[in-house]
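Trainee: Enclosed is the structure file work07.cif (mmCIF, C-alpha atoms).
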```cif
data_my_file
loop_
_atom_site.group_PDB
_atom_site.id
_atom_site.type_symbol
_atom_site.label_atom_id
_atom_site.label_comp_id
_atom_site.auth_asym_id
_atom_site.auth_seq_id
_atom_site.Cartn_x
_atom_site.Cartn_y
_atom_site.Cartn_z
ATOM 1 C CA MET A 1 2.525 -36.130 -9.807
ATOM 2 C CA SER A 2 1.984 -34.074 -12.972
ATOM 3 C CA GLN A 3 2.473 -30.345 -12.781
ATOM 4 C CA SER A 4 -0.537 -28.960 -14.611
ATOM 5 C CA ARG A 5 -0.659 -25.682 -12.712
ATOM 6 C CA THR A 6 1.772 -22.918 -11.799
ATOM 7 C CA LEU A 7 2.213 -20.594 -8.845
ATOM 8 C CA SER A 8 3.889 -17.300 -9.731
ATOM 9 C CA VAL A 9 5.533 -15.254 -6.991
ATOM 10 C CA VAL A 10 6.179 -11.577 -7.742
ATOM 11 C CA VAL A 11 9.061 -9.945 -5.856
ATOM 12 C CA PRO A 12 9.574 -6.160 -6.130
ATOM 13 C CA VAL A 13 13.280 -5.384 -5.754
ATOM 14 C CA TYR A 14 14.720 -2.029 -4.654
ATOM 15 C CA TYR A 15 18.205 -1.932 -3.130
ATOM 16 C CA ASN A 16 18.009 -5.585 -2.035
ATOM 17 C CA GLU A 17 21.406 -6.758 -3.240
ATOM 18 C CA GLY A 18 22.255 -8.369 0.112
ATOM 19 C CA SER A 19 19.161 -10.543 0.463
ATOM 20 C CA LEU A 20 18.536 -11.797 -3.080
ATOM 21 C CA ALA A 21 20.819 -14.844 -3.023
ATOM 22 C CA GLN A 22 19.318 -16.121 0.235
ATOM 23 C CA LEU A 23 15.807 -15.319 -0.964
ATOM 24 C CA HIS A 24 16.361 -17.321 -4.131
ATOM 25 C CA ALA A 25 17.732 -20.275 -2.163
ATOM 26 C CA ARG A 26 14.660 -20.301 0.066
ATOM 27 C CA LEU A 27 12.343 -19.988 -2.924
ATOM 28 C CA ARG A 28 14.065 -22.948 -4.566
ATOM 29 C CA ALA A 29 13.322 -25.010 -1.462
ATOM 30 C CA VAL A 30 9.716 -23.841 -1.571
ATOM 31 C CA GLY A 31 9.588 -24.846 -5.229
ATOM 32 C CA GLU A 32 10.645 -28.386 -4.375
ATOM 33 C CA THR A 33 7.803 -28.651 -1.857
ATOM 34 C CA LEU A 34 5.325 -27.232 -4.356
ATOM 35 C CA GLU A 35 6.385 -29.844 -6.900
ATOM 36 C CA GLY A 36 5.115 -32.505 -4.530
ATOM 37 C CA MET A 37 1.772 -30.675 -4.489
ATOM 38 C CA GLY A 38 1.541 -30.671 -8.280
ATOM 39 C CA LEU A 39 2.535 -27.030 -8.690
ATOM 40 C CA ALA A 40 5.355 -25.492 -10.691
ATOM 41 C CA LEU A 41 6.949 -22.297 -9.394
ATOM 42 C CA GLU A 42 7.597 -19.158 -11.425
ATOM 43 C CA MET A 43 9.672 -16.388 -9.835
ATOM 44 C CA VAL A 44 9.111 -12.878 -11.207
ATOM 45 C CA PHE A 45 11.623 -10.340 -9.879
ATOM 46 C CA VAL A 46 10.939 -6.674 -10.663
ATOM 47 C CA ASP A 47 13.958 -4.379 -10.365
ATOM 48 C CA ASP A 48 12.384 -1.014 -9.586
ATOM 49 C CA GLY A 49 15.341 1.150 -10.502
ATOM 50 C CA SER A 50 17.753 -0.101 -7.844
ATOM 51 C CA GLY A 51 21.007 1.833 -7.617
ATOM 52 C CA ASP A 52 23.045 -0.959 -6.018
ATOM 53 C CA GLY A 53 24.051 -4.361 -7.375
ATOM 54 C CA SER A 54 20.530 -5.810 -7.308
ATOM 55 C CA ARG A 55 20.277 -6.177 -11.070
ATOM 56 C CA ALA A 56 23.589 -8.021 -11.256
ATOM 57 C CA GLU A 57 22.390 -10.405 -8.531
ATOM 58 C CA LEU A 58 19.135 -10.950 -10.417
ATOM 59 C CA MET A 59 21.033 -11.810 -13.592
ATOM 60 C CA LYS A 60 23.036 -14.398 -11.630
ATOM 61 C CA ILE A 61 19.745 -15.932 -10.493
ATOM 62 C CA LYS A 62 18.440 -15.928 -14.062
ATOM 63 C CA ALA A 63 21.613 -17.647 -15.295
ATOM 64 C CA THR A 64 21.167 -20.538 -12.848
ATOM 65 C CA ASP A 65 17.377 -20.873 -12.705
ATOM 66 C CA SER A 66 15.190 -20.918 -15.810
ATOM 67 C CA ARG A 67 12.089 -20.379 -13.666
ATOM 68 C CA ALA A 68 13.207 -16.808 -12.903
ATOM 69 C CA VAL A 69 11.818 -13.879 -14.900
ATOM 70 C CA ILE A 70 13.546 -10.507 -14.520
ATOM 71 C CA VAL A 71 11.541 -7.339 -15.176
ATOM 72 C CA CYS A 72 13.477 -4.057 -15.109
ATOM 73 C CA HIS A 73 11.857 -0.657 -14.708
ATOM 74 C CA ALA A 74 13.414 2.331 -16.457
ATOM 75 C CA ARG A 75 13.571 4.085 -13.052
ATOM 76 C CA ASN A 76 12.082 3.847 -9.591
ATOM 77 C CA PHE A 77 8.288 3.997 -9.733
ATOM 78 C CA GLY A 78 7.423 2.549 -6.323
ATOM 79 C CA ALA A 79 6.547 -0.789 -4.761
ATOM 80 C CA PHE A 80 2.928 -0.969 -5.922
ATOM 81 C CA PRO A 81 3.644 -0.186 -9.594
ATOM 82 C CA ALA A 82 6.431 -2.795 -9.410
ATOM 83 C CA MET A 83 3.943 -5.327 -8.077
ATOM 84 C CA LYS A 84 1.540 -4.545 -10.910
ATOM 85 C CA SER A 85 4.304 -4.876 -13.529
ATOM 86 C CA GLY A 86 5.232 -8.287 -12.138
ATOM 87 C CA ILE A 87 1.636 -9.484 -11.862
ATOM 88 C CA ALA A 88 1.012 -8.427 -15.471
ATOM 89 C CA VAL A 89 3.951 -10.566 -16.629
ATOM 90 C CA ALA A 90 3.231 -13.600 -14.408
ATOM 91 C CA VAL A 91 1.701 -16.623 -16.135
ATOM 92 C CA GLY A 92 0.684 -18.613 -13.059
ATOM 93 C CA ASP A 93 -2.761 -19.968 -12.248
ATOM 94 C CA CYS A 94 -2.330 -18.153 -8.950
ATOM 95 C CA VAL A 95 -0.049 -15.205 -8.172
ATOM 96 C CA ALA A 96 1.596 -14.234 -4.891
ATOM 97 C CA THR A 97 3.454 -11.077 -3.910
ATOM 98 C CA LEU A 98 6.471 -11.206 -1.618
ATOM 99 C CA SER A 99 8.914 -8.596 -0.290
ATOM 100 C CA ALA A 100 12.589 -9.103 -1.121
ATOM 101 C CA ASP A 101 13.934 -8.195 2.323
ATOM 102 C CA LEU A 102 13.122 -11.602 3.899
ATOM 103 C CA GLN A 103 11.044 -10.092 6.690
ATOM 104 C CA ASP A 104 8.138 -12.124 5.315
ATOM 105 C CA PRO A 105 8.972 -15.865 5.264
ATOM 106 C CA PRO A 106 8.797 -17.356 1.737
ATOM 107 C CA GLU A 107 7.933 -20.715 3.302
ATOM 108 C CA LEU A 108 4.393 -19.437 3.918
ATOM 109 C CA LEU A 109 3.832 -19.864 0.186
ATOM 110 C CA VAL A 110 3.363 -23.576 0.805
ATOM 111 C CA ASP A 111 0.447 -22.986 3.203
ATOM 112 C CA MET A 112 -0.979 -20.357 0.874
ATOM 113 C CA ALA A 113 -0.785 -22.720 -2.076
ATOM 114 C CA ALA A 114 -2.492 -25.478 -0.090
ATOM 115 C CA ARG A 115 -5.391 -23.153 0.707
ATOM 116 C CA TRP A 116 -5.625 -22.105 -2.934
ATOM 117 C CA LEU A 117 -5.719 -25.750 -4.005
ATOM 118 C CA ALA A 118 -8.544 -26.200 -1.501
ATOM 119 C CA GLY A 119 -10.558 -23.547 -3.343
ATOM 120 C CA GLU A 120 -9.626 -20.214 -1.778
ATOM 121 C CA LYS A 121 -9.364 -17.291 -4.210
ATOM 122 C CA PHE A 122 -7.622 -14.818 -1.900
ATOM 123 C CA VAL A 123 -5.091 -15.743 0.794
ATOM 124 C CA ILE A 124 -3.317 -13.175 2.968
ATOM 125 C CA ALA A 125 -0.590 -13.444 5.597
ATOM 126 C CA THR A 126 -1.310 -10.938 8.371
ATOM 127 C CA ARG A 127 1.250 -9.686 10.872
ATOM 128 C CA SER A 128 0.409 -10.856 14.388
ATOM 129 C CA SER A 129 3.605 -9.141 15.582
ATOM 130 C CA ARG A 130 6.541 -7.314 14.028
ATOM 131 C CA ASP A 131 10.185 -6.961 15.030
ATOM 132 C CA ASP A 132 10.635 -3.425 13.707
ATOM 133 C CA PRO A 133 12.019 -0.168 15.160
ATOM 134 C CA PRO A 134 9.660 1.667 17.570
ATOM 135 C CA ALA A 135 9.038 4.520 15.121
ATOM 136 C CA THR A 136 8.019 2.059 12.398
ATOM 137 C CA LYS A 137 5.661 0.257 14.767
ATOM 138 C CA ALA A 138 4.119 3.537 15.914
ATOM 139 C CA PHE A 139 3.498 4.774 12.378
ATOM 140 C CA ALA A 140 2.071 1.395 11.324
ATOM 141 C CA ALA A 141 -0.304 1.338 14.311
ATOM 142 C CA LEU A 142 -1.476 4.886 13.566
ATOM 143 C CA TYR A 143 -1.820 4.203 9.854
ATOM 144 C CA TYR A 144 -3.929 1.065 10.278
ATOM 145 C CA HIS A 145 -6.031 2.749 12.968
ATOM 146 C CA PHE A 146 -7.036 5.531 10.576
ATOM 147 C CA LEU A 147 -7.432 3.086 7.684
ATOM 148 C CA ARG A 148 -9.913 1.014 9.686
ATOM 149 C CA ALA A 149 -11.677 4.110 11.033
ATOM 150 C CA LEU A 150 -11.997 6.039 7.771
ATOM 151 C CA VAL A 151 -11.883 3.458 4.988
ATOM 152 C CA MET A 152 -12.507 -0.184 5.836
ATOM 153 C CA PRO A 153 -13.380 -1.258 9.422
ATOM 154 C CA GLU A 154 -12.944 -4.957 8.618
ATOM 155 C CA TYR A 155 -9.380 -4.569 7.282
ATOM 156 C CA PRO A 156 -6.854 -6.730 9.213
ATOM 157 C CA GLU A 157 -5.626 -4.830 12.247
ATOM 158 C CA GLY A 158 -1.938 -5.475 11.588
ATOM 159 C CA GLY A 159 -2.228 -5.099 7.830
ATOM 160 C CA PHE A 160 -0.590 -7.323 5.226
ATOM 161 C CA ASP A 161 1.870 -7.179 2.323
ATOM 162 C CA PHE A 162 2.101 -10.912 1.599
ATOM 163 C CA MET A 163 -0.837 -12.253 -0.421
ATOM 164 C CA LEU A 164 -1.847 -14.848 -2.990
ATOM 165 C CA VAL A 165 -4.694 -14.412 -5.484
ATOM 166 C CA ASP A 166 -6.392 -16.685 -7.970
ATOM 167 C CA ARG A 167 -6.018 -15.985 -11.677
ATOM 168 C CA ILE A 168 -9.536 -14.542 -11.858
ATOM 169 C CA VAL A 169 -8.424 -11.686 -9.565
ATOM 170 C CA VAL A 170 -5.404 -10.730 -11.680
ATOM 171 C CA PRO A 171 -7.217 -8.653 -14.374
ATOM 172 C CA HIS A 172 -8.845 -6.500 -11.695
ATOM 173 C CA ILE A 173 -5.432 -5.732 -10.198
ATOM 174 C CA VAL A 174 -3.614 -5.108 -13.480
ATOM 175 C CA ASN A 175 -6.397 -2.909 -14.878
ATOM 176 C CA GLY A 176 -7.095 -1.184 -11.579
ATOM 177 C CA PRO A 177 -6.594 2.527 -10.817
ATOM 178 C CA LYS A 178 -3.230 4.249 -10.624
ATOM 179 C CA SER A 179 -1.602 5.619 -7.458
ATOM 180 C CA VAL A 180 -3.476 3.238 -5.221
ATOM 181 C CA ASN A 181 -2.639 1.050 -2.240
ATOM 182 C CA LEU A 182 -2.625 -2.273 -4.085
ATOM 183 C CA ASN A 183 -3.105 -4.434 -0.992
ATOM 184 C CA LEU A 184 -6.107 -2.419 0.130
ATOM 185 C CA PHE A 185 -7.515 -2.382 -3.401
ATOM 186 C CA THR A 186 -7.259 -6.163 -3.648
ATOM 187 C CA TYR A 187 -9.008 -6.519 -0.280
ATOM 188 C CA TRP A 188 -11.655 -4.004 -1.409
ATOM 189 C CA LEU A 189 -12.508 -6.184 -4.445
ATOM 190 C CA GLY A 190 -14.573 -8.323 -2.105
ATOM 191 C CA PHE A 191 -13.067 -11.807 -2.321
ATOM 192 C CA LYS A 192 -13.271 -13.373 1.123
ATOM 193 C CA PRO A 193 -9.710 -13.673 2.471
ATOM 194 C CA SER A 194 -8.242 -16.781 4.016
ATOM 195 C CA ILE A 195 -5.976 -15.446 6.756
ATOM 196 C CA ILE A 196 -2.621 -16.834 7.902
ATOM 197 C CA PRO A 197 -1.100 -15.028 10.919
ATOM 198 C CA TYR A 198 2.685 -14.845 11.253
ATOM 199 C CA ALA A 199 5.402 -12.948 13.138
ATOM 200 C CA ARG A 200 7.256 -10.444 10.948
ATOM 201 C CA ALA A 201 11.021 -10.910 11.315
ATOM 202 C CA ARG A 202 13.659 -8.251 11.913
ATOM 203 C CA ARG A 203 15.307 -6.849 8.807
ATOM 204 C CA GLU A 204 18.773 -8.397 8.515
ATOM 205 C CA HIS A 205 19.846 -7.242 5.050
ATOM 206 C CA GLY A 206 20.367 -3.693 3.884
ATOM 207 C CA LYS A 207 18.585 -0.522 4.922
ATOM 208 C CA SER A 208 14.904 0.122 4.472
ATOM 209 C CA ARG A 209 14.103 2.643 1.743
ATOM 210 C CA TRP A 210 10.624 3.131 3.176
ATOM 211 C CA THR A 211 11.193 6.770 4.141
ATOM 212 C CA PHE A 212 8.917 8.999 6.207
ATOM 213 C CA HIS A 213 7.959 10.895 3.042
ATOM 214 C CA LYS A 214 6.858 7.672 1.339
ATOM 215 C CA LYS A 215 4.869 6.650 4.408
ATOM 216 C CA VAL A 216 3.014 9.967 4.448
ATOM 217 C CA ARG A 217 2.329 9.698 0.712
ATOM 218 C CA LEU A 218 0.940 6.188 1.215
ATOM 219 C CA PHE A 219 -1.310 7.474 3.994
ATOM 220 C CA VAL A 220 -2.654 10.302 1.812
ATOM 221 C CA ASP A 221 -3.131 8.006 -1.216
ATOM 222 C CA THR A 222 -4.921 5.446 0.927
ATOM 223 C CA ILE A 223 -7.363 7.888 2.504
ATOM 224 C CA THR A 224 -8.122 9.963 -0.597
ATOM 225 C CA GLY A 225 -8.185 6.904 -2.859
ATOM 226 C CA PHE A 226 -10.783 4.958 -0.908
ATOM 227 C CA SER A 227 -12.756 7.337 1.286
ATOM 228 C CA ALA A 228 -14.880 10.480 0.907
ATOM 229 C CA ARG A 229 -14.994 10.965 4.673
ATOM 230 C CA PRO A 230 -12.385 13.768 4.781
ATOM 231 C CA ILE A 231 -14.562 15.827 2.394
ATOM 232 C CA ARG A 232 -17.689 15.032 4.406
ATOM 233 C CA LEU A 233 -15.991 15.869 7.694
ATOM 234 C CA MET A 234 -14.905 19.190 6.194
ATOM 235 C CA SER A 235 -18.514 19.876 5.166
ATOM 236 C CA LEU A 236 -19.802 19.058 8.640
ATOM 237 C CA PHE A 237 -17.121 21.199 10.255
ATOM 238 C CA GLY A 238 -17.957 24.041 7.879
ATOM 239 C CA LEU A 239 -21.629 23.765 8.815
ATOM 240 C CA ALA A 240 -20.786 23.750 12.519
ATOM 241 C CA THR A 241 -18.520 26.766 12.035
ATOM 242 C CA ALA A 242 -21.248 28.626 10.157
ATOM 243 C CA LEU A 243 -23.730 27.954 12.957
ATOM 244 C CA PHE A 244 -21.191 29.094 15.530
ATOM 245 C CA GLY A 245 -20.526 32.267 13.520
ATOM 246 C CA MET A 246 -24.234 32.949 13.226
ATOM 247 C CA GLY A 247 -24.663 32.520 16.974
ATOM 248 C CA TYR A 248 -21.686 34.742 17.699
ATOM 249 C CA GLY A 249 -23.020 37.403 15.328
ATOM 250 C CA ILE A 250 -26.426 37.357 17.025
ATOM 251 C CA TRP A 251 -24.719 37.725 20.390
ATOM 252 C CA VAL A 252 -22.635 40.710 19.213
ATOM 253 C CA VAL A 253 -25.679 42.492 17.726
ATOM 254 C CA SER A 254 -27.783 41.811 20.820
ATOM 255 C CA TYR A 255 -24.996 43.065 23.091
ATOM 256 C CA ALA A 256 -24.704 46.270 21.059
ATOM 257 C CA LEU A 257 -28.464 46.915 21.060
ATOM 258 C CA ILE A 258 -28.881 46.332 24.786
ATOM 259 C CA LEU A 259 -25.645 47.600 26.334
ATOM 260 C CA GLY A 260 -24.140 49.686 23.587
ATOM 261 C CA SER A 261 -21.041 49.020 21.490
ATOM 262 C CA PRO A 262 -19.060 46.020 22.742
ATOM 263 C CA GLN A 263 -15.610 46.414 24.125
ATOM 264 C CA PRO A 264 -12.731 46.273 21.622
ATOM 265 C CA GLY A 265 -11.982 42.637 20.748
ATOM 266 C CA PHE A 266 -9.038 42.789 18.412
ATOM 267 C CA PRO A 267 -7.166 39.824 20.013
ATOM 268 C CA THR A 268 -10.251 37.656 19.661
ATOM 269 C CA LEU A 269 -10.777 38.790 16.083
ATOM 270 C CA ALA A 270 -7.147 38.204 15.166
ATOM 271 C CA ALA A 271 -7.197 34.715 16.707
ATOM 272 C CA LEU A 272 -10.389 33.756 14.870
ATOM 273 C CA VAL A 273 -9.136 35.111 11.531
ATOM 274 C CA SER A 274 -5.820 33.264 11.898
ATOM 275 C CA PHE A 275 -7.497 30.014 12.888
ATOM 276 C CA PHE A 276 -10.084 29.989 10.137
ATOM 277 C CA SER A 277 -7.618 31.175 7.491
ATOM 278 C CA GLY A 278 -5.361 28.246 8.316
ATOM 279 C CA LEU A 279 -8.348 25.913 8.335
ATOM 280 C CA ILE A 280 -9.466 27.113 4.907
ATOM 281 C CA ILE A 281 -5.984 26.594 3.473
ATOM 282 C CA PHE A 282 -5.895 23.067 4.932
ATOM 283 C CA MET A 283 -9.321 22.252 3.473
ATOM 284 C CA LEU A 284 -8.244 23.544 0.076
ATOM 285 C CA GLY A 285 -5.221 21.238 0.314
ATOM 286 C CA VAL A 286 -7.454 18.232 0.974
ATOM 287 C CA ILE A 287 -9.678 19.169 -1.969
ATOM 288 C CA GLY A 288 -6.539 19.548 -4.072
ATOM 289 C CA GLU A 289 -5.511 15.974 -3.234
ATOM 290 C CA TYR A 290 -8.825 14.682 -4.581
ATOM 291 C CA LEU A 291 -8.530 16.840 -7.709
ATOM 292 C CA TRP A 292 -4.991 15.538 -8.262
ATOM 293 C CA ARG A 293 -6.259 11.968 -8.102
ATOM 294 C CA ILE A 294 -8.816 12.785 -10.784
ATOM 295 C CA LEU A 295 -6.100 14.286 -13.001
ATOM 296 C CA ASP A 296 -3.806 11.320 -12.389
ATOM 297 C CA ALA A 297 -6.622 8.915 -13.307
ATOM 298 C CA VAL A 298 -7.587 10.582 -16.593
ATOM 299 C CA ASN A 299 -4.178 11.493 -18.014
ATOM 300 C CA ARG A 300 -2.256 9.074 -20.208
ATOM 301 C CA LYS A 301 0.910 8.946 -18.114
ATOM 302 C CA PRO A 302 1.979 5.303 -17.588
ATOM 303 C CA GLU A 303 2.101 4.054 -14.030
ATOM 304 C CA ALA A 304 5.468 2.400 -14.695
ATOM 305 C CA VAL A 305 7.795 1.903 -17.653
ATOM 306 C CA VAL A 306 9.319 -1.523 -18.222
ATOM 307 C CA GLU A 307 12.745 -1.158 -19.774
ATOM 308 C CA ARG A 308 13.451 -4.840 -20.389
ATOM 309 C CA ILE A 309 12.317 -8.344 -19.520
ATOM 310 C CA TRP A 310 14.651 -11.324 -19.316
#
```
Let's see the structure in the file written out as structure tokens.
Mentor:
Amino acid sequence: MSQSRTLSVVVPVYYNEGSLAQLHARLRAVGETLEGMGLALEMVFVDDGSGDGSRAELMKIKATDSRAVIVCHARNFGAFPAMKSGIAVAVGDCVATLSADLQDPPELLVDMAARWLAGEKFVIATRSSRDDPPATKAFAALYYHFLRALVMPEYPEGGFDFMLVDRIVVPHIVNGPKSVNLNLFTYWLGFKPSIIPYARARREHGKSRWTFHKKVRLFVDTITGFSARPIRLMSLFGLATALFGMGYGIWVVSYALILGSPQPGFPTLAALVSFFSGLIIFMLGVIGEYLWRILDAVNRKPEAVVERIW
């Protein structure tokens, strides 16, 4: 069967020295299956400033497999910029993204490719379950709950990182906004997803670099990048507070006119001032996040810097 089309798989790499050899072996096996389906396989690995031996492992892969493309960032820019750098370099008729830690099975690429060949433009692998630490599960559940409540109610409940898109989707991703949740942005584009459920495996290689700080930053970027509801909720709360203050003021004046000066209420006053001062500072912080996104969108700072491509 002639191979007239290519599937490119983009793999962001960050401190994944221990899993790369096994990942490449499994991708080679996937490539053999894809050959029988009339598809060639391109593997685009993006080293996002790893400080371990990941780059050396990638060069070993490149030396033994001409289908491998190695993209090296000048420093660590994050998983989503790494994905965009790899997608921009990929030449395939369809492009998939895959984590390097082997928690997502590369073998699902075969099913994804079959659905693409059947005409699907957007295929996602959603987590039906995950073998992760309790804290990771709890944060993920909370994150996706707020994402569905504030941004996109129809978003998959367990979320997804593993996806395949048709070539027509690629320009929208590459030319999309900076500092954005790339998976959510791709879903937001509107292409109807074909969904493949799977069980996310336990991490067997290395230590996750997905720190609590990065998780919080992702949460803030997701909410402020796709939803105006925080601003609207602040406006509604401000209106409710103003009405409450007006009512309280009327009560104080009425009390003074009818019964004389009210009793001293310093504790109440101090509590109200402290509460609303803190609330105002919080609201200013939320507004600042939106203003920062505007600045980040209009400045000319690159989202990532590619040092070299092999």
Trainee: So, with all atoms listed in the file as the atoms that count, which of A:Leu20, A:Ala297, A:Arg148, A:Ala113 lies closest to Gly36 (chain A)?
Mentor: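 Ranking A:Leu20, A:Ala297, A:Arg148, A:Ala113 by distance to Gly36 (chain A), first place goes to A:Ala113.
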Trainee: Written as a list in words, which residues does the PyMOL selection byres ((chain A and resi 39) around 6) give for the file shown?
Mentor: Gln3, Arg5, Thr6, Leu34, Glu35, Met37, Gly38 and Ala40 of chain A
Trainee: Under the rule that all atoms listed in the file are counted, which of A:Pro193, A:Gly176, A:Pro153, A:Gly49 is the nearest residue to Arg75 (chain A)?
Mentor: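 Under the stated criterion, the closest residue is A:Gly49.
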Trainee: I'd like the neighbourhood of Ser208 (chain A) as a list in words, where a residue qualifies if any of its atoms comes within 10 Å (using all atoms listed in the file), though same-chain residues fewer than 6 positions away should be ignored.
Mentor: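 Once the adjacent positions are removed, what remains is Tyr14, Tyr15, Asn16 and Asp101 of chain A.
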Trainee: Report the distance between CA of Asp104 (chain A) and CA of Arg200 (chain A) in Å, rounded to one decimal place.
Mentor: 5.9 Å
Trainee: Run the PyMOL selection byres ((chain A and resi 59-68) around 8) mentally over the shown coordinates, then write out the matched residues as an NGL selection string, using the chain letters and numbers from the document.
Mentor: :A and (21 or 24 or 41-45 or 55-58 or 69-70 or 310)
Trainee: For the file shown, report as an MDAnalysis selection string the outcome of the PyMOL selection byres ((chain A and resi 99) around 10) at residue level.
Mentor: chainID A and resid 10:14 16 23 79 83 97:98 100:106 161:162
Trainee: Near Ala135 (chain A), counting all atoms listed in the file, which residues have an atom at most 12 Å away, once you skip same-chain residues fewer than 6 positions from it, shown as a PyMOL selection string?
Mentor: chain A and resi 141-142+211-212+215
Trainee: Using all atoms listed in the file for the distances, tell me which of A:His73, A:Arg28, A:Arg127, A:Arg202 is nearest to Ser50 (chain A).
Mentor: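 Counting all atoms listed in the file, the residue closest to Ser50 (chain A) is A:His73.
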Trainee: Enclose all atoms of region 164-181 of chain A listed in the file in an axis-aligned box, grow every side by 5 Å, and hand back centre and edge lengths in Å to one decimal, as lines of an AutoDock Vina configuration file.
Mentor:
```
center_x = -5.6
center_y = -5.5
center_z = -8.6
size_x = 17.9
size_y = 32.3
size_z = 22.6
```
Trainee: Could you work out how far CA of Cys94 (chain A) lies from CA of Asp221 (chain A), giving the answer in Å with one decimal?
Mentor: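 So the two atoms, CA of Asp221 (chain A) and CA of Cys94 (chain A), lie 27.3 Å apart.
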Trainee: With distances taken over all atoms listed in the file, which residue among A:Pro133, A:Gly278, A:Gly225, A:Pro156 lies nearest Ala201 (chain A)?
Mentor: A:Pro133
Trainee: Using all atoms listed in the file, pick whichever of A:Ile223, A:Ala88, A:Ala114, A:Val30 has the shortest atom-to-atom distance to Phe146 (chain A).
Mentor: A:Ile223
Trainee: From the set A:Gly92, A:Pro171, A:Gly159, A:Gly206, which residue has the shortest atom-to-atom contact distance to Asn183 (chain A), counting only C-alpha atoms?
Mentor: A:Gly159
Trainee: Work out how far CA of Val89 (chain A) is from CA of Ala25 (chain A), in Å to one decimal.
Mentor: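 Interatomic distance, CA of Ala25 (chain A) to CA of Val89 (chain A): 22.2 Å.
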Trainee: Taking the partial coordinates given, rebuild region 3-7 of chain A to contain all heavy atoms; return it as a compact mmCIF listing (two decimals), in the frame of the given file.
Mentor:
```
# COMPACT_ATOMS: atom_id res chain seq x y z
N GLN A 3 2.56 -31.75 -13.13
CA GLN A 3 2.47 -30.34 -12.78
C GLN A 3 1.65 -29.64 -13.85
O GLN A 3 2.16 -29.18 -14.86
CB GLN A 3 3.87 -29.74 -12.68
CG GLN A 3 4.69 -30.32 -11.54
CD GLN A 3 6.10 -29.75 -11.53
OE1 GLN A 3 6.48 -29.00 -12.40
NE2 GLN A 3 6.87 -30.12 -10.52
N SER A 4 0.34 -29.57 -13.63
CA SER A 4 -0.54 -28.96 -14.61
C SER A 4 -0.80 -27.50 -14.30
O SER A 4 -1.36 -26.79 -15.12
CB SER A 4 -1.87 -29.71 -14.66
OG SER A 4 -2.49 -29.73 -13.37
N ARG A 5 -0.39 -27.06 -13.10
CA ARG A 5 -0.66 -25.68 -12.71
C ARG A 5 0.61 -25.02 -12.17
O ARG A 5 1.55 -25.69 -11.76
CB ARG A 5 -1.78 -25.64 -11.67
CG ARG A 5 -3.14 -26.03 -12.26
CD ARG A 5 -4.26 -25.90 -11.26
NE ARG A 5 -4.27 -27.00 -10.31
CZ ARG A 5 -5.21 -27.19 -9.39
NH1 ARG A 5 -6.22 -26.33 -9.32
NH2 ARG A 5 -5.18 -28.22 -8.58
N THR A 6 0.58 -23.69 -12.19
CA THR A 6 1.77 -22.92 -11.80
C THR A 6 1.41 -21.86 -10.77
O THR A 6 0.37 -21.20 -10.87
CB THR A 6 2.40 -22.23 -13.03
OG1 THR A 6 2.78 -23.24 -13.98
CG2 THR A 6 3.62 -21.40 -12.65
N LEU A 7 2.29 -21.70 -9.80
CA LEU A 7 2.21 -20.59 -8.85
C LEU A 7 3.31 -19.60 -9.20
O LEU A 7 4.49 -19.96 -9.27
CB LEU A 7 2.39 -21.09 -7.41
CG LEU A 7 2.24 -20.07 -6.28
CD1 LEU A 7 1.85 -20.76 -4.97
CD2 LEU A 7 3.52 -19.25 -6.03
```
